[in-house]
Amino acid sequence: MKAVCPNSPDHKQFVTTAHIVEEWLVDETGSFIEVVNTGLEVSHGPDSGNIWTCVDCSAEAEVI
């Protein structure tokens, strides 16, 4: 998997989503109160199906 900026091959950094595990403080119904501990593990890293946005020019990259 590789992200390619359509505007320049020199653009090599992108913003995309990943899913991380957090511990939350919740009330008795499970409603969120606050984050207790963040970044415990990555449950799903960047995926080729995500939108990847070039940091340099904001173009949507092609992921190949």
# chains A, B, ... in the order shown; residues from 1 in each chain; ligands from 1
>>> select_by_dssp(residues="chain A", states="strand (DSSP E or B)", output="VMD selection string")
chain A and resid 3 to 4 14 to 15 19 to 26 32 to 44 53 to 54 60 62 to 63
>>> write_last_selection(atoms="C-alpha atoms", output="JSON list (two decimals), in the first residue's frame")
[["chain", "number", "residue", "atom", "x", "y", "z"],
["A", 3, "ALA", "CA", -0.31, 6.88, -1.02],
["A", 4, "VAL", "CA", 0.56, 9.06, -4.01],
["A", 14, "PHE", "CA", -0.69, 12.40, 4.45],
["A", 15, "VAL", "CA", -3.47, 12.68, 7.01],
["A", 19, "HIS", "CA", -8.73, 3.70, 15.38],
["A", 20, "ILE", "CA", -7.23, 3.61, 18.87],
["A", 21, "VAL", "CA", -8.47, 2.10, 22.11],
["A", 22, "GLU", "CA", -9.22, 4.44, 25.04],
["A", 23, "GLU", "CA", -10.47, 3.86, 28.56],
["A", 24, "TRP", "CA", -13.47, 6.01, 29.43],
["A", 25, "LEU", "CA", -15.09, 7.01, 32.66],
["A", 26, "VAL", "CA", -18.83, 6.43, 32.19],
["A", 32, "PHE", "CA", -19.37, 9.14, 28.38],
["A", 33, "ILE", "CA", -17.96, 11.40, 31.12],
["A", 34, "GLU", "CA", -14.26, 11.70, 30.26],
["A", 35, "VAL", "CA", -11.23, 9.88, 28.84],
["A", 36, "VAL", "CA", -9.25, 8.14, 31.58],
["A", 37, "ASN", "CA", -6.43, 6.69, 29.47],
["A", 38, "THR", "CA", -5.84, 7.27, 25.76],
["A", 39, "GLY", "CA", -3.77, 5.49, 23.15],
["A", 40, "LEU", "CA", -3.71, 2.08, 24.81],
["A", 41, "GLU", "CA", -3.42, 0.29, 21.48],
["A", 42, "VAL", "CA", -4.21, 0.67, 17.80],
["A", 43, "SER", "CA", -7.26, -1.41, 16.95],
["A", 44, "HIS", "CA", -7.19, -0.53, 13.24],
["A", 53, "THR", "CA", -5.12, 13.94, 2.35],
["A", 54, "CYS", "CA", -1.77, 15.41, 1.32],
["A", 60, "GLU", "CA", -6.83, 13.63, -1.97],
["A", 62, "GLU", "CA", -4.51, 7.87, -4.61],
["A", 63, "VAL", "CA", -3.70, 4.80, -2.54]]
>>> residues_around(residues="Ala61 of chain A", least_positions_apart="2", cutoff="12 Å", atoms="only C-alpha atoms", output="ChimeraX atom specification")
/A:2-9,11-16,48-59,63-64
>>> write_last_selection(atoms="C-alpha atoms", output="tab-separated table (two decimals), in the first residue's frame")
chain	number	residue	atom	x	y	z
A	2	LYS	CA	1.32	3.43	-0.92
A	3	ALA	CA	-0.31	6.88	-1.02
A	4	VAL	CA	0.56	9.06	-4.01
A	5	CYS	CA	-0.20	12.78	-4.22
A	6	PRO	CA	-1.70	13.69	-7.63
A	7	ASN	CA	0.06	17.09	-7.57
A	8	SER	CA	3.65	16.13	-6.76
A	9	PRO	CA	5.67	12.95	-6.24
A	11	HIS	CA	4.68	15.15	-1.31
A	12	LYS	CA	5.16	12.20	1.02
A	13	GLN	CA	3.05	12.92	4.13
A	14	PHE	CA	-0.69	12.40	4.45
A	15	VAL	CA	-3.47	12.68	7.01
A	16	THR	CA	-5.81	9.71	7.36
A	48	SER	CA	-6.37	1.85	1.72
A	49	GLY	CA	-10.14	2.47	1.82
A	50	ASN	CA	-9.70	5.62	3.92
A	51	ILE	CA	-9.37	9.11	2.49
A	52	TRP	CA	-5.71	10.18	2.54
A	53	THR	CA	-5.12	13.94	2.35
A	54	CYS	CA	-1.77	15.41	1.32
A	55	VAL	CA	-0.27	17.55	4.09
A	56	ASP	CA	1.48	19.85	1.59
A	57	CYS	CA	-1.36	20.69	-0.82
A	58	SER	CA	-4.57	19.18	0.67
A	59	ALA	CA	-5.19	17.02	-2.40
A	63	VAL	CA	-3.70	4.80	-2.54
A	64	ILE	CA	-2.19	1.99	-4.60
